[in-house]
Each structure stands twice: as C-alpha cells, then as structure tokens.
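A.B. asks: Let me give you the structure first, and then I'll get to my questions.
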Amino acid sequence: MAVTADKPCPYAPASAILDLVDRHRNRGLPPPINAEVLARASISESLIPRTLYALQALDLIDEAGRPTPTFEGIRLAPEAEYKKRLEDWLKGAYADVFAFADPSQDDDVAIRDAFRSYQPAGQRDRMITLFQGLCAAAGLAPEKPKAQQNRSVLRILPKPTAPAAAKRSSFLKAVAKPAASTAHSGLPPALAGLLASLPAAGEGWTADDRAKFVTTFSAVLDFCFPIIKEDAAKQNGDAQ
C-alpha cells in the first residue's frame with residue numbers, strides 16, 4: 001500500500017510506529033500483528049485502531065497482519081544500512097507527498113499544502129506530525145524544537161462546542177502560563193493545563209465533551225511522555 005488521497009491517510013503517533021519498528025527489528029513481532037499484539041507491545045487502547053491502520057497504510061503489514069517484505073527488509077538490514085532502509089520505505093509509502101514537498105528543505109506551509117487533499121481533514125495536523133516524525137527518524141527532515149512540537153499539540157486539540165469555549169480558553173491560557181497552584185506540581189505544563197480544564201467537582205459535562213477530552217488527553221500524554229522501550233524504562237528506574 002501507499003499513502004494516497006483516495007483513501008484515509010494514517011495519523012498514528014510517530015513514536016508508536018517507530019517503537020513497533022524497533023521492536024520488530026530487535027525482538028520480532030509475532031504474526032499476525034493485530035490489536036492484541038499491539039496491546040502487548042504497550043500501545044494504548046485508544047491508539048491501537050489508528051496504529052494498526054497506519055502499519056497497513058505504510059506498507060509494514062498486509063491486511064492479514066503479516067509483515068510485508070518492506071518490514072522484513074527493515075528488520076534484517078545491517079545497522080549501517082538501517083536509515084537508508086527507512087528512507088527508501090518512506091519515499092515509497094509517501095511517494096505522492098514527496099512529489100510535492102521535500103521535508104529536508106520545505107517549510108511547514110509547503111508540507112501542509114502537500115497534505116491538503118488528504119482525508120480525514122480534521123486529522124491533518126496528526127498526519128503531518130506522523131510524516132515529519134518518521135522523516136526525522138530516517139534523516140530526511142530535521143528534528144523539531146520542543147516549542148514547535150508544543151504548538152503542534154495545541155493545533156490538534158478538538159474544536160470545542162459553544163458551551164465549552166470558556167473552558168477551552170482557560171485551558172489554552174493554562175498551557176501557555178500554568179497557574180501558581182500547578183507550577184510546582186511536577187506535571188508538564190500542557191498536561192497540568194489540560195487537567196485544570198476539567199469541570200469543577202459536582203458539575204457535569206456532555207458525552208461529546210468527555211470524548212473530546214479523552215482524545216485530547218491521549219495526544220497530550222503521548223507528547224509529554226513519549227513511549228520508550230521497556231529496557232530503557234527499566235534502566236531509568238534502576239538509575240533512580
């Protein structure tokens with residue numbers, strides 16, 4: 001498969017895709033690679049459907065969940081050839097995008113224009129974030145500074161309903177400048193600001209507002225605490 005405008009464009013987190021690529025390269029993922037395998041690989045439940053679709057759309061697994069020759073080629077590549085395999089994979093999977101934009105040279109506007117015809121339109125920021133994250137891992141694009149990544153996270157927050165506009169405004173202010181009560185909580189500002197936007201105790205909210213909050217929370221959580229390999233997490237714990 002390849003990413004084209006005639007079918008939905010993948011928009012899973014780049015960290016999830018790269019973690020699975022790394023797992024398959026170093027340990028192997030048992031076929032068929034399905035929702036159960038992704039859950040055991042520490043992909044959060046809310047991200048499993050979009051991650052599974054992204055693996056198919058990016059030609060890493062087929063419809064039956066079997067690793068494609070492309071995925072096997074990445075797994076078996078010597079370390080010296082690894083980034084070149086990633087580059088070849090992405091240039092094939094995103095051939096239509098590369099025909100209109102070069103992530104190593106073009107700015108965000110040009111890259112956004114290259115994705116303008118892709119669907120679902122409401123997930124365009126996530127599509128671009130996935131593309132740029134994968135390209136950075138392959139050496140095809142520069143790593144984005146933290147400040148730019150934070151702005152990308154804010155762009156993917158769901159559009160609030162009219163009753164929730166005031167809460168959203170308060171949330172954005174909290175992200176930009178955390179209140180004194182959360183400044184020393186130890187939480188990242190974006191996450192602390194999101195939690196501060198919850199309704200007061202005893203107040204209710206609509207099912208739609210709750211669903212939007214959960215979606216936003218997942219995106220902000222992944223941004224603040226990227227998924228890392230289990231070995232690295234264990235080493236961090238031992239170091240403490």
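Labels for the structure tokens follow display order: chains A, B, ..., residues from 1 in each chain, ligands from 1.
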Kindly provide the residues of segment 42-95 of chain A that approach segment 210-231 of chain A to within 12 Å, each paired with its closest atom pair and their distance in Å to one decimal, based on only C-alpha atoms, listed by chain and increasing number, as a Markdown table.
C.D. replies:
| residue | atom | partner | partner_atom | distance |
| --- | --- | --- | --- | --- |
| A:Ser42 | CA | A:Ile227 | CA | 8.3 |
| A:Ile43 | CA | A:Ile227 | CA | 8.4 |
| A:Ser44 | CA | A:Ser218 | CA | 8.7 |
| A:Glu45 | CA | A:Ser218 | CA | 10.0 |
| A:Ser46 | CA | A:Ser218 | CA | 7.6 |
| A:Leu47 | CA | A:Ser218 | CA | 8.3 |
| A:Ile48 | CA | A:Ser218 | CA | 11.9 |
A.B. asks: Among segment 101-141 of chain A, which ones does DSSP assign to alpha helix (DSSP H) (computed from the backbone)? Answer as a list in words.
C.D. replies: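 DSSP-assigned alpha helix (DSSP H) residues in segment 101-141 of chain A: Asp108, Val109, Ala110, Ile111, Arg112, Asp113, Ala114, Arg124, Asp125, Arg126, Met127, Ile128, Thr129, Leu130, Phe131, Gln132, Gly133, Leu134, Cys135, Ala136 and Ala137 of chain A.
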A.B. asks: Using only C-alpha atoms, please write the residues we just selected to a file, as a compact mmCIF listing (two decimals), in the first residue's frame.
C.D. replies:
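result.txt, written as the output of this step:
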# COMPACT_ATOMS: atom_id res chain seq x y z
CA ASP A 108 5.51 23.69 7.26
CA VAL A 109 3.30 25.59 4.81
CA ALA A 110 4.60 23.63 1.81
CA ILE A 111 4.24 20.32 3.65
CA ARG A 112 0.70 21.20 4.75
CA ASP A 113 -0.17 22.02 1.13
CA ALA A 114 1.10 18.59 0.08
CA ARG A 124 -4.43 16.75 9.03
CA ASP A 125 -2.17 18.04 11.81
CA ARG A 126 -1.66 14.49 13.06
CA MET A 127 -0.98 13.23 9.52
CA ILE A 128 1.75 15.84 9.14
CA THR A 129 3.18 15.16 12.60
CA LEU A 130 3.45 11.45 11.77
CA PHE A 131 5.11 12.17 8.42
CA GLN A 132 7.61 14.63 9.88
CA GLY A 133 8.40 12.37 12.85
CA LEU A 134 9.12 9.39 10.62
CA CYS A 135 11.16 11.50 8.23
CA ALA A 136 13.23 12.86 11.13
CA ALA A 137 13.98 9.29 12.28
A.B. asks: Need to verify the contact set: Arg75 of chain A, 12 Å, only C-alpha atoms, exclusion of same-chain residues closer than 6 positions in sequence. Can you return it as a list in words?
C.D. replies: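 The contact residues come out as Leu20, Val21, Asp22, Arg23, His24, Arg25, Asn26, Arg27, Gly28, Leu29, Leu60, Pro67, Thr68, Pro69, Glu81, Tyr82, Lys83, Arg85 and Leu86 of chain A.
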A.B. asks: Please, what distance in Å, to one decimal, runs between atom CA of Pro30 of chain A and atom CA of Gly139 of chain A?
C.D. replies: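 These atoms are spaced 28.2 Å apart.
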A.B. asks: In Å, with one decimal, what is the gap from atom CA of Ala207 of chain A to atom CA of Ala35 of chain A?
C.D. replies: 25.5 Å
